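Source file: final.cif; contents: mmCIF, C-alpha atoms.
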data_start
#
loop_
_atom_site.group_PDB
_atom_site.id
_atom_site.type_symbol
_atom_site.label_atom_id
_atom_site.label_comp_id
_atom_site.auth_asym_id
_atom_site.auth_seq_id
_atom_site.Cartn_x
_atom_site.Cartn_y
_atom_site.Cartn_z
ATOM 1 C CA MET O 1 -27.882 45.200 -30.222
ATOM 2 C CA ASP O 2 -24.676 43.264 -30.816
ATOM 3 C CA SER O 3 -22.264 44.247 -33.567
ATOM 4 C CA SER O 4 -23.488 41.508 -35.934
ATOM 5 C CA LEU O 5 -26.721 43.380 -36.618
ATOM 6 C CA LEU O 6 -26.961 47.143 -36.553
ATOM 7 C CA THR O 7 -30.108 48.703 -35.135
ATOM 8 C CA ARG O 8 -31.290 50.052 -38.482
ATOM 9 C CA PHE O 9 -30.975 46.620 -40.103
ATOM 10 C CA ALA O 10 -32.890 44.971 -37.257
ATOM 11 C CA GLU O 11 -35.687 47.473 -37.795
ATOM 12 C CA ASN O 12 -35.590 46.927 -41.570
ATOM 13 C CA ILE O 13 -35.976 43.166 -41.239
ATOM 14 C CA PHE O 14 -38.690 43.491 -38.586
ATOM 15 C CA TRP O 15 -40.774 45.730 -40.857
ATOM 16 C CA LEU O 16 -40.073 43.739 -43.997
ATOM 17 C CA ALA O 17 -41.787 40.808 -42.296
ATOM 18 C CA ARG O 18 -44.656 42.933 -40.994
ATOM 19 C CA TYR O 19 -45.381 44.443 -44.399
ATOM 20 C CA MET O 20 -45.347 41.085 -46.176
ATOM 21 C CA GLU O 21 -47.674 39.611 -43.557
ATOM 22 C CA ARG O 22 -49.909 42.694 -43.801
ATOM 23 C CA ILE O 23 -50.159 42.350 -47.583
ATOM 24 C CA GLU O 24 -51.324 38.745 -47.346
ATOM 25 C CA ASN O 25 -53.857 39.522 -44.639
ATOM 26 C CA LEU O 26 -55.272 42.528 -46.490
ATOM 27 C CA ALA O 27 -55.749 40.316 -49.545
ATOM 28 C CA ARG O 28 -57.588 37.855 -47.277
ATOM 29 C CA ILE O 29 -59.815 40.631 -45.874
ATOM 30 C CA LEU O 30 -60.750 41.890 -49.349
ATOM 31 C CA ASP O 31 -61.352 38.363 -50.606
ATOM 32 C CA VAL O 32 -63.568 37.350 -47.686
ATOM 33 C CA ASN O 33 -65.632 40.530 -48.012
ATOM 34 C CA GLU O 34 -66.154 39.959 -51.730
ATOM 35 C CA THR O 35 -67.037 36.292 -51.171
ATOM 36 C CA TYR O 36 -69.473 37.148 -48.402
ATOM 37 C CA ASN O 37 -71.156 39.916 -50.419
ATOM 38 C CA ARG O 38 -71.520 37.593 -53.385
ATOM 39 C CA GLY O 39 -73.517 35.164 -51.241
ATOM 40 C CA HIS O 40 -75.646 37.765 -49.461
ATOM 41 C CA ALA O 41 -77.783 39.908 -51.733
ATOM 42 C CA GLY O 42 -78.398 43.340 -50.272
ATOM 43 C CA ASP O 43 -75.362 43.266 -47.946
ATOM 44 C CA ASN O 44 -72.821 44.774 -50.329
ATOM 45 C CA ASP O 45 -71.042 46.707 -47.566
ATOM 46 C CA TRP O 46 -67.474 47.696 -48.409
ATOM 47 C CA SER O 47 -67.309 50.531 -45.896
ATOM 48 C CA ARG O 48 -66.598 48.018 -43.108
ATOM 49 C CA ILE O 49 -63.062 47.621 -44.484
ATOM 50 C CA ILE O 50 -62.523 51.377 -44.330
ATOM 51 C CA ARG O 51 -63.738 51.467 -40.727
ATOM 52 C CA LEU O 52 -61.580 48.469 -39.859
ATOM 53 C CA HIS O 53 -58.452 50.413 -40.837
ATOM 54 C CA ASN O 54 -59.668 53.815 -39.549
ATOM 55 C CA ASP O 55 -59.279 55.235 -43.040
ATOM 56 C CA GLU O 56 -62.565 57.157 -43.314
ATOM 57 C CA GLU O 57 -60.941 60.585 -43.611
ATOM 58 C CA ALA O 58 -58.328 59.552 -46.181
ATOM 59 C CA PHE O 59 -60.811 57.541 -48.253
ATOM 60 C CA PHE O 60 -63.568 60.146 -48.446
ATOM 61 C CA GLU O 61 -61.107 62.888 -49.355
ATOM 62 C CA ARG O 62 -60.820 61.169 -52.753
ATOM 63 C CA HIS O 63 -64.054 59.190 -53.090
ATOM 64 C CA ASP O 64 -67.687 60.214 -52.754
ATOM 65 C CA ALA O 65 -68.959 56.770 -51.755
ATOM 66 C CA ALA O 66 -67.600 53.429 -50.553
ATOM 67 C CA THR O 67 -68.429 51.538 -53.719
ATOM 68 C CA GLU O 68 -66.926 48.124 -54.343
ATOM 69 C CA PHE O 69 -64.509 49.313 -57.030
ATOM 70 C CA ALA O 70 -63.465 52.435 -55.095
ATOM 71 C CA VAL O 71 -62.603 50.430 -51.966
ATOM 72 C CA ILE O 72 -60.812 47.711 -53.922
ATOM 73 C CA SER O 73 -58.729 50.298 -55.792
ATOM 74 C CA PHE O 74 -57.977 52.200 -52.582
ATOM 75 C CA TYR O 75 -56.685 49.091 -50.813
ATOM 76 C CA ILE O 76 -54.834 47.404 -53.666
ATOM 77 C CA VAL O 77 -53.242 49.927 -56.026
ATOM 78 C CA ASP O 78 -53.641 53.401 -54.498
ATOM 79 C CA ARG O 79 -50.101 54.593 -53.756
ATOM 80 C CA LYS O 80 -51.430 57.610 -51.853
ATOM 81 C CA ASN O 81 -52.949 55.213 -49.327
ATOM 82 C CA PRO O 82 -50.126 54.046 -47.014
ATOM 83 C CA ASN O 83 -52.285 51.051 -46.025
ATOM 84 C CA SER O 84 -52.770 49.782 -49.575
ATOM 85 C CA ILE O 85 -51.182 46.548 -50.751
ATOM 86 C CA MET O 86 -49.149 48.505 -53.316
ATOM 87 C CA SER O 87 -47.807 50.878 -50.639
ATOM 88 C CA CYS O 88 -47.008 48.033 -48.241
ATOM 89 C CA LEU O 89 -45.175 46.185 -51.003
ATOM 90 C CA HIS O 90 -43.221 49.349 -51.825
ATOM 91 C CA PHE O 91 -42.207 49.681 -48.145
ATOM 92 C CA ALA O 92 -41.319 45.963 -47.968
ATOM 93 C CA ARG O 93 -39.171 46.278 -51.098
ATOM 94 C CA GLU O 94 -37.365 49.360 -49.776
ATOM 95 C CA ASN O 95 -36.591 47.541 -46.517
ATOM 96 C CA ALA O 96 -35.375 44.531 -48.512
ATOM 97 C CA ARG O 97 -33.170 46.817 -50.615
ATOM 98 C CA SER O 98 -31.438 47.983 -47.428
ATOM 99 C CA LEU O 99 -30.891 44.350 -46.462
ATOM 100 C CA ARG O 100 -29.348 43.035 -49.671
ATOM 101 C CA HIS O 101 -26.228 41.949 -47.762
ATOM 102 C CA LEU O 102 -28.321 40.024 -45.198
ATOM 103 C CA ILE O 103 -31.078 38.377 -47.227
ATOM 104 C CA SER O 104 -30.674 35.815 -49.992
ATOM 105 C CA THR O 105 -30.644 36.685 -53.661
ATOM 106 C CA GLU O 106 -33.777 34.578 -54.047
ATOM 107 C CA MET O 107 -35.635 36.626 -51.428
ATOM 108 C CA TRP O 108 -34.750 39.897 -53.124
ATOM 109 C CA ARG O 109 -35.572 38.632 -56.618
ATOM 110 C CA GLN O 110 -39.013 37.345 -55.578
ATOM 111 C CA ILE O 111 -39.998 40.582 -53.797
ATOM 112 C CA ASN O 112 -38.794 42.613 -56.777
ATOM 113 C CA THR O 113 -40.756 40.461 -59.240
ATOM 114 C CA PHE O 114 -43.855 40.668 -57.042
ATOM 115 C CA TYR O 115 -43.525 44.463 -56.882
ATOM 116 C CA TYR O 116 -43.361 44.939 -60.651
ATOM 117 C CA ARG O 117 -46.221 42.492 -61.201
ATOM 118 C CA LEU O 118 -48.501 44.418 -58.830
ATOM 119 C CA ARG O 119 -47.414 47.749 -60.238
ATOM 120 C CA GLY O 120 -48.680 46.570 -63.607
ATOM 121 C CA VAL O 121 -52.150 45.492 -62.436
ATOM 122 C CA LYS O 122 -54.859 46.551 -64.908
ATOM 123 C CA THR O 123 -58.300 47.914 -64.072
ATOM 124 C CA ALA O 124 -59.913 44.768 -65.460
ATOM 125 C CA GLU O 125 -57.957 42.666 -62.979
ATOM 126 C CA LEU O 126 -59.354 44.674 -60.063
ATOM 127 C CA ARG O 127 -62.804 43.569 -61.208
ATOM 128 C CA GLN O 128 -61.688 39.939 -60.918
ATOM 129 C CA LEU O 129 -60.905 40.359 -57.229
ATOM 130 C CA SER O 130 -60.918 36.748 -56.099
ATOM 131 C CA GLU O 131 -58.357 35.753 -58.732
ATOM 132 C CA LEU O 132 -56.139 38.758 -57.978
ATOM 133 C CA CYS O 133 -56.274 38.129 -54.222
ATOM 134 C CA ARG O 134 -55.358 34.499 -54.808
ATOM 135 C CA GLU O 135 -52.300 35.617 -56.793
ATOM 136 C CA ILE O 136 -51.285 38.092 -54.081
ATOM 137 C CA LYS O 137 -51.655 35.499 -51.314
ATOM 138 C CA GLU O 138 -49.642 32.964 -53.284
ATOM 139 C CA ALA O 139 -46.876 35.517 -53.886
ATOM 140 C CA CYS O 140 -46.708 36.164 -50.121
ATOM 141 C CA GLN O 141 -46.643 32.428 -49.429
ATOM 142 C CA THR O 142 -43.855 32.033 -51.980
ATOM 143 C CA HIS O 143 -41.930 34.720 -50.108
ATOM 144 C CA THR O 144 -42.463 32.799 -46.869
ATOM 145 C CA GLY O 145 -41.228 29.567 -48.436
ATOM 146 C CA ILE O 146 -38.134 31.192 -49.938
ATOM 147 C CA THR O 147 -37.381 32.883 -46.620
ATOM 148 C CA GLU O 148 -37.691 29.612 -44.721
ATOM 149 C CA GLY O 149 -35.421 27.868 -47.204
ATOM 150 C CA THR O 150 -32.702 30.469 -47.725
ATOM 151 C CA PHE O 151 -32.512 32.911 -44.792
ATOM 152 C CA PHE O 152 -29.521 32.377 -42.486
ATOM 153 C CA ARG O 153 -30.589 31.571 -38.891
ATOM 154 C CA ASN O 154 -29.016 34.467 -37.063
ATOM 155 C CA GLN O 155 -30.258 37.523 -35.190
ATOM 156 C CA ALA O 156 -31.826 38.922 -38.362
ATOM 157 C CA TRP O 157 -33.915 35.746 -38.703
ATOM 158 C CA THR O 158 -35.228 36.244 -35.169
ATOM 159 C CA PHE O 159 -36.240 39.849 -35.802
ATOM 160 C CA TYR O 160 -37.921 38.826 -39.047
ATOM 161 C CA HIS O 161 -40.139 36.301 -37.299
ATOM 162 C CA LEU O 162 -40.809 38.655 -34.415
ATOM 163 C CA GLY O 163 -42.325 41.106 -36.897
ATOM 164 C CA LYS O 164 -44.173 38.347 -38.743
ATOM 165 C CA TYR O 165 -45.980 36.897 -35.731
ATOM 166 C CA LEU O 166 -46.712 40.230 -34.112
ATOM 167 C CA GLU O 167 -48.390 41.367 -37.323
ATOM 168 C CA ARG O 168 -50.211 38.054 -37.747
ATOM 169 C CA GLY O 169 -51.794 38.218 -34.298
ATOM 170 C CA ASP O 170 -52.946 41.770 -34.906
ATOM 171 C CA GLN O 171 -54.400 40.961 -38.327
ATOM 172 C CA THR O 172 -56.340 37.951 -37.033
ATOM 173 C CA THR O 173 -58.064 40.182 -34.489
ATOM 174 C CA ARG O 174 -58.947 42.588 -37.305
ATOM 175 C CA LEU O 175 -60.488 39.878 -39.467
ATOM 176 C CA LEU O 176 -62.523 38.679 -36.490
ATOM 177 C CA ASP O 177 -63.575 42.217 -35.684
ATOM 178 C CA MET O 178 -64.903 42.627 -39.215
ATOM 179 C CA ARG O 179 -67.394 39.821 -38.455
ATOM 180 C CA HIS O 180 -67.884 40.308 -34.717
ATOM 181 C CA ASN O 181 -71.671 40.501 -35.144
ATOM 182 C CA MET O 182 -71.769 36.751 -35.900
ATOM 183 C CA LEU O 183 -72.281 36.018 -32.217
ATOM 184 C CA THR O 184 -75.536 37.969 -32.009
ATOM 185 C CA ARG O 185 -77.076 36.152 -34.946
ATOM 186 C CA ALA O 186 -75.884 32.788 -33.726
ATOM 187 C CA ASP O 187 -77.772 33.245 -30.442
ATOM 188 C CA SER O 188 -80.978 34.490 -32.055
ATOM 189 C CA GLU O 189 -84.098 33.045 -30.430
ATOM 190 C CA ASP O 190 -86.778 34.870 -32.409
ATOM 191 C CA GLY O 191 -88.937 33.517 -35.209
ATOM 192 C CA GLU O 192 -86.131 33.958 -37.709
ATOM 193 C CA ALA O 193 -83.672 31.870 -35.695
ATOM 194 C CA ASN O 194 -83.259 29.150 -38.315
ATOM 195 C CA ALA O 195 -82.557 31.655 -41.085
ATOM 196 C CA ALA O 196 -80.111 33.455 -38.798
ATOM 197 C CA ARG O 197 -78.269 30.225 -38.059
ATOM 198 C CA GLN O 198 -77.994 29.438 -41.768
ATOM 199 C CA LEU O 199 -76.597 32.913 -42.400
ATOM 200 C CA ASP O 200 -74.183 32.420 -39.526
ATOM 201 C CA LEU O 201 -73.014 29.071 -40.904
ATOM 202 C CA ILE O 202 -72.125 30.614 -44.253
ATOM 203 C CA GLU O 203 -70.356 33.529 -42.635
ATOM 204 C CA VAL O 204 -68.234 31.563 -40.163
ATOM 205 C CA ASN O 205 -67.291 29.113 -42.916
ATOM 206 C CA THR O 206 -66.115 32.050 -45.049
ATOM 207 C CA LEU O 207 -64.185 33.523 -42.130
ATOM 208 C CA LEU O 208 -62.400 30.230 -41.444
ATOM 209 C CA ARG O 209 -61.424 29.806 -45.067
ATOM 210 C CA SER O 210 -60.155 33.377 -45.242
ATOM 211 C CA LEU O 211 -57.591 32.412 -42.590
ATOM 212 C CA ALA O 212 -56.839 29.026 -44.206
ATOM 213 C CA GLY O 213 -58.274 27.490 -41.049
ATOM 214 C CA TYR O 214 -61.158 25.324 -42.221
ATOM 215 C CA HIS O 215 -59.328 21.986 -42.247
ATOM 216 C CA ALA O 216 -57.513 22.738 -38.993
ATOM 217 C CA PHE O 217 -60.850 23.622 -37.374
ATOM 218 C CA ARG O 218 -62.330 20.326 -38.568
ATOM 219 C CA LEU O 219 -59.558 18.411 -36.821
ATOM 220 C CA VAL O 220 -60.787 19.930 -33.559
ATOM 221 C CA HIS O 221 -64.513 19.985 -34.413
ATOM 222 C CA PRO O 222 -65.199 17.124 -36.863
ATOM 223 C CA ALA O 223 -68.939 17.797 -36.914
ATOM 224 C CA GLY O 224 -71.022 20.918 -36.507
ATOM 225 C CA MET O 225 -69.989 24.555 -36.610
ATOM 226 C CA THR O 226 -70.995 27.498 -34.457
ATOM 227 C CA ALA O 227 -69.784 31.063 -34.406
ATOM 228 C CA GLU O 228 -68.717 30.637 -30.783
ATOM 229 C CA ASP O 229 -66.528 27.625 -31.620
ATOM 230 C CA VAL O 230 -64.934 29.360 -34.613
ATOM 231 C CA VAL O 231 -64.161 32.565 -32.737
ATOM 232 C CA SER O 232 -62.725 30.589 -29.822
ATOM 233 C CA PHE O 233 -60.574 28.526 -32.213
ATOM 234 C CA LEU O 234 -59.154 31.606 -33.965
ATOM 235 C CA LEU O 235 -58.431 33.358 -30.703
ATOM 236 C CA PHE O 236 -57.337 30.676 -28.262
ATOM 237 C CA ASP O 237 -56.208 27.456 -29.998
ATOM 238 C CA SER O 238 -52.423 27.649 -29.805
ATOM 239 C CA ARG O 239 -52.063 24.725 -32.246
ATOM 240 C CA PHE O 240 -53.385 26.785 -35.172
ATOM 241 C CA SER O 241 -50.647 28.910 -36.743
ATOM 242 C CA ARG O 242 -52.888 31.922 -37.391
ATOM 243 C CA SER O 243 -54.572 32.051 -34.002
ATOM 244 C CA VAL O 244 -53.895 34.962 -31.676
ATOM 245 C CA ALA O 245 -52.693 32.573 -28.957
ATOM 246 C CA PHE O 246 -50.157 30.930 -31.300
ATOM 247 C CA SER O 247 -48.875 34.321 -32.488
ATOM 248 C CA PHE O 248 -48.308 35.590 -28.945
ATOM 249 C CA LYS O 249 -46.663 32.294 -27.969
ATOM 250 C CA MET O 250 -44.226 32.656 -30.879
ATOM 251 C CA VAL O 251 -43.505 36.295 -29.981
ATOM 252 C CA GLU O 252 -42.640 35.184 -26.438
ATOM 253 C CA THR O 253 -40.335 32.447 -27.770
ATOM 254 C CA LEU O 254 -38.578 34.918 -30.060
ATOM 255 C CA ILE O 255 -38.118 37.469 -27.273
ATOM 256 C CA ASP O 256 -36.572 34.685 -25.160
ATOM 257 C CA ASP O 257 -34.274 33.832 -28.071
ATOM 258 C CA LEU O 258 -33.120 37.444 -28.373
ATOM 259 C CA SER O 259 -32.423 37.496 -24.626
ATOM 260 C CA LYS O 260 -30.561 34.199 -24.392
ATOM 261 C CA ALA O 261 -29.028 33.347 -27.737
ATOM 262 C CA HIS O 262 -28.253 36.930 -28.762
ATOM 263 C CA ASN O 263 -27.697 38.469 -25.337
ATOM 264 C CA LEU O 264 -30.247 41.260 -25.784
ATOM 265 C CA ARG O 265 -31.481 41.551 -22.214
ATOM 266 C CA ARG O 266 -32.756 45.145 -22.078
ATOM 267 C CA ASN O 267 -36.354 44.130 -22.546
ATOM 268 C CA ALA O 268 -38.237 44.667 -19.262
ATOM 269 C CA ALA O 269 -40.805 46.887 -21.015
ATOM 270 C CA ILE O 270 -41.327 44.269 -23.734
ATOM 271 C CA ARG O 271 -41.844 41.505 -21.195
ATOM 272 C CA ALA O 272 -44.344 43.597 -19.248
ATOM 273 C CA ALA O 273 -46.326 44.377 -22.416
ATOM 274 C CA LEU O 274 -46.160 40.765 -23.594
ATOM 275 C CA THR O 275 -47.246 39.402 -20.210
ATOM 276 C CA ASP O 276 -50.182 41.796 -20.257
ATOM 277 C CA ALA O 277 -51.214 40.758 -23.786
ATOM 278 C CA ARG O 278 -50.884 37.030 -23.107
ATOM 279 C CA TYR O 279 -52.883 37.383 -19.896
ATOM 280 C CA VAL O 280 -55.776 38.875 -21.882
ATOM 281 C CA VAL O 281 -55.647 35.862 -24.209
ATOM 282 C CA LYS O 282 -55.167 33.214 -21.519
ATOM 283 C CA THR O 283 -58.060 34.478 -19.396
ATOM 284 C CA GLY O 284 -60.372 35.213 -22.338
ATOM 285 C CA THR O 285 -63.454 33.188 -23.197
ATOM 286 C CA VAL O 286 -66.126 33.500 -25.857
ATOM 287 C CA ALA O 287 -68.773 31.893 -23.648
ATOM 288 C CA GLY O 288 -71.444 34.432 -22.786
ATOM 289 C CA MET O 289 -70.118 37.065 -25.198
ATOM 290 C CA ASP O 290 -72.393 38.956 -27.541
ATOM 291 C CA ALA O 291 -71.247 41.002 -30.540
ATOM 292 C CA ALA O 292 -70.534 44.125 -28.488
ATOM 293 C CA ASP O 293 -68.480 42.129 -25.963
ATOM 294 C CA LEU O 294 -66.438 40.526 -28.726
ATOM 295 C CA HIS O 295 -65.772 43.873 -30.400
ATOM 296 C CA GLU O 296 -64.596 45.341 -27.080
ATOM 297 C CA TYR O 297 -62.380 42.311 -26.399
ATOM 298 C CA LEU O 298 -60.784 42.471 -29.854
ATOM 299 C CA ASP O 299 -60.236 46.198 -29.484
ATOM 300 C CA THR O 300 -58.438 45.524 -26.194
ATOM 301 C CA LEU O 301 -56.188 42.975 -27.904
ATOM 302 C CA GLN O 302 -55.351 45.433 -30.676
ATOM 303 C CA VAL O 303 -54.369 48.038 -28.087
ATOM 304 C CA LYS O 304 -52.131 45.453 -26.363
ATOM 305 C CA VAL O 305 -50.412 44.704 -29.677
ATOM 306 C CA GLY O 306 -49.818 48.434 -30.138
ATOM 307 C CA VAL O 307 -48.254 48.741 -26.684
ATOM 308 C CA LEU O 308 -46.056 45.722 -27.355
ATOM 309 C CA THR O 309 -44.967 47.140 -30.726
ATOM 310 C CA SER O 310 -44.000 50.433 -29.052
ATOM 311 C CA ALA O 311 -41.992 48.582 -26.400
ATOM 312 C CA ILE O 312 -40.112 46.631 -29.074
ATOM 313 C CA ASP O 313 -39.450 49.817 -31.014
ATOM 314 C CA ASP O 314 -38.186 51.704 -27.950
ATOM 315 C CA THR O 315 -36.025 48.812 -26.748
ATOM 316 C CA TYR O 316 -34.410 47.551 -29.943
ATOM 317 C CA PHE O 317 -34.785 50.318 -32.523
ATOM 318 C CA GLY O 318 -35.150 53.550 -30.540
#
In structure tokens, what does this structure look like?
Amino acid sequence: MDSSLLTRFAENIFWLARYMERIENLARILDVNETYNRGHAGDNDWSRIIRLHNDEEAFFERHDAATEFAVISFYIVDRKNPNSIMSCLHFARENARSLRHLISTEMWRQINTFYYRLRGVKTAELRQLSELCREIKEACQTHTGITEGTFFRNQAWTFYHLGKYLERGDQTTRLLDMRHNMLTRADSEDGEANAARQLDLIEVNTLLRSLAGYHAFRLVHPAGMTAEDVVSFLLFDSRFSRSVAFSFKMVETLIDDLSKAHNLRRNAAIRAALTDARYVVKTGTVAGMDAADLHEYLDTLQVKVGVLTSAIDDTYFG
């Protein structure tokens, strides 16, 4: 780390970006689950979100059942849950506080305003989930816009975007994993095949919209929609800014920038982990996958992201 950015500040900016990206994606996950449940009577399953985040033990210590309101409260306002939106925003704000001399006044003011707004959320607002999630997503997008417009393009900027795209790739795999069983229904050949395909169409449409990817998908596939095409698009189309392939491509570009522009060359472990992760993406294909295969593939990608995160931590922050 050169003298212009101390290690602790590099780590602060990296995690500020990750937490803000995590907040937006968690709002998307909650919103897509609520939207899907609303359209599918009898499939009001909120426990899938708990399983997705491996929070079963923490959740059931305080709740008897995974009811809609209990899960929504746990993941939006529960400060005892380190994975809640409120906790992530607290951590983002604390990192931003440490960076007041590096970030713009506008960045700090917006995060601070967002924090106090969420801290004041009422119970009635939790029951209007779609509207609350929209507000949370728009606050995160406002943060992104302010950051793009006011953040000085130095080493701190590079670490910010490294955290942002690493988190984004991981979160896209998690959203896909939540709906990995789409592939099984899409390939159904039994007497209920038509009903299964209609169910699949609704679900993949919801998934695309949860990642703001519907219109981008239509540029590639103007007509028709299958689960296989949607999953492939979200994983492998490097032109879509929320795809796993695009996220890993940006991480590679940012690592190169740290090596060349900022002379941070001690990154052999990072390059090995990144090469491994990108190989899994480049050689992946949805063709022939069933739900179990997709779940296993996404789990592999999440492990690769974890290894890459550890390498970055050891190299730049350790």
Checklist entry - Using only C-alpha atoms, can you list as a ChimeraX atom specification the residues within 12 Å of (-61.7, 38.1, -58.7)? => result /O:27,30-35,38,69,72,123-136
Checklist entry - Which is closest to O:Arg179 among O:Leu294, O:Ala92, O:Ala272, O:Ile85, if we use only C-alpha atoms? => result O:Leu294
Checklist entry - Any idea what the distance is between atom CA of O:Thr283 and atom CA of O:Thr172? => result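 Separating atom CA of O:Thr283 from atom CA of O:Thr172 is a distance of 18.1 Å.
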Checklist outcome for this item: Using only C-alpha atoms, the best pick from O:Thr150, O:Asn54, O:Gln155, O:Ser241 as closest to O:Asn263 would be O:Gln155
Checklist entry - Which value, in Å to one decimal, gives the distance between atom CA of O:Arg174 and atom CA of O:Ile270? => result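 Distance between the two atoms: 22.3 Å.
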Item to check | Non-local contacts of O:Arg8 (10 Å; all atoms listed in the file; under 3 positions in same chain excluded) as a count of residues only | outcome: 11
Checklist entry - Taking the file as shown, what set of residues would the PyMOL selection byres ((chain O and resi 68) around 9) give back, as a list in words? => result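 In the shown coordinates, the PyMOL selection byres ((chain O and resi 68) around 9) covers Glu34, Asn44, Asp45, Trp46, Ser47, Ala66, Thr67, Phe69, Ala70, Val71, Ile72 and Ser73 of chain O.
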Item to check | Interatomic distance, atom CA of O:Leu301 to atom CA of O:Arg79 (Å, one decimal) | outcome: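 Value for the atom CA of O:Leu301-atom CA of O:Arg79 distance: 29.0 Å.
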Quick one: apply the PyMOL selection byres ((chain O and resi 102) around 10) to the file and drop the selected residues here as a short mmCIF file (atom, residue, chain, number, x, y, z; two decimals) with C-alpha atoms, keeping the file's coordinate frame.
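File out-v4.cif, as written:
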data_model
loop_
_atom_site.label_atom_id
_atom_site.label_comp_id
_atom_site.auth_asym_id
_atom_site.auth_seq_id
_atom_site.Cartn_x
_atom_site.Cartn_y
_atom_site.Cartn_z
CA LEU O 5 -26.72 43.38 -36.62
CA PHE O 9 -30.98 46.62 -40.10
CA ILE O 13 -35.98 43.17 -41.24
CA ALA O 96 -35.38 44.53 -48.51
CA ARG O 97 -33.17 46.82 -50.62
CA SER O 98 -31.44 47.98 -47.43
CA LEU O 99 -30.89 44.35 -46.46
CA ARG O 100 -29.35 43.04 -49.67
CA HIS O 101 -26.23 41.95 -47.76
CA ILE O 103 -31.08 38.38 -47.23
CA SER O 104 -30.67 35.82 -49.99
CA THR O 105 -30.64 36.68 -53.66
CA PHE O 151 -32.51 32.91 -44.79
CA PHE O 152 -29.52 32.38 -42.49
CA ASN O 154 -29.02 34.47 -37.06
CA ALA O 156 -31.83 38.92 -38.36
CA TRP O 157 -33.92 35.75 -38.70
#
Checklist entry - Written as a PyMOL selection string, what is the full residue list that the PyMOL selection byres ((chain O and resi 161) around 9) yields on the file shown? => result chain O and resi 13-14+17-18+156-160+162-166+250-251+254
Item to check | Selection near O:His143, 8 Å with only C-alpha atoms, sequence-local residues under 4 positions removed, as an MDAnalysis selection string | outcome: chainID O and resid 107 110:111 139 147
Next on the checklist: Ranking O:Asp293, O:Thr315, O:Val307, O:Lys122 by minimum distance to O:Arg265 and counting only C-alpha atoms, which one comes first?
Outcome noted: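 When distances to O:Arg265 are compared using only C-alpha atoms, the smallest one comes from O:Thr315.
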Residue completion, stretch 167-179 of chain O, N, CA and C atoms, as a short mmCIF file (atom, residue, chain, number, x, y, z; two decimals), in the coordinates of the input:
data_model
loop_
_atom_site.label_atom_id
_atom_site.label_comp_id
_atom_site.auth_asym_id
_atom_site.auth_seq_id
_atom_site.Cartn_x
_atom_site.Cartn_y
_atom_site.Cartn_z
N GLU O 167 -47.42 40.90 -36.33
CA GLU O 167 -48.39 41.37 -37.32
C GLU O 167 -49.52 40.36 -37.51
N ARG O 168 -49.20 39.09 -37.52
CA ARG O 168 -50.21 38.05 -37.75
C ARG O 168 -51.27 38.06 -36.65
N GLY O 169 -50.84 38.17 -35.40
CA GLY O 169 -51.79 38.22 -34.30
C GLY O 169 -52.72 39.41 -34.41
N ASP O 170 -52.15 40.56 -34.75
CA ASP O 170 -52.95 41.77 -34.91
C ASP O 170 -53.95 41.62 -36.04
N GLN O 171 -53.52 41.08 -37.18
CA GLN O 171 -54.40 40.96 -38.33
C GLN O 171 -55.53 39.95 -38.10
N THR O 172 -55.27 38.90 -37.34
CA THR O 172 -56.34 37.95 -37.03
C THR O 172 -57.43 38.61 -36.21
N THR O 173 -57.04 39.46 -35.26
CA THR O 173 -58.06 40.18 -34.49
C THR O 173 -58.87 41.11 -35.40
N ARG O 174 -58.24 41.68 -36.41
CA ARG O 174 -58.95 42.59 -37.30
C ARG O 174 -59.95 41.84 -38.18
N LEU O 175 -59.55 40.68 -38.68
CA LEU O 175 -60.49 39.88 -39.47
C LEU O 175 -61.69 39.45 -38.62
N LEU O 176 -61.43 39.05 -37.39
CA LEU O 176 -62.52 38.68 -36.49
C LEU O 176 -63.42 39.88 -36.20
N ASP O 177 -62.80 41.02 -36.01
CA ASP O 177 -63.58 42.22 -35.68
C ASP O 177 -64.51 42.59 -36.83
N MET O 178 -64.09 42.32 -38.06
CA MET O 178 -64.90 42.63 -39.22
C MET O 178 -66.21 41.84 -39.19
N ARG O 179 -66.21 40.68 -38.51
CA ARG O 179 -67.39 39.82 -38.46
C ARG O 179 -67.84 39.58 -37.02
#
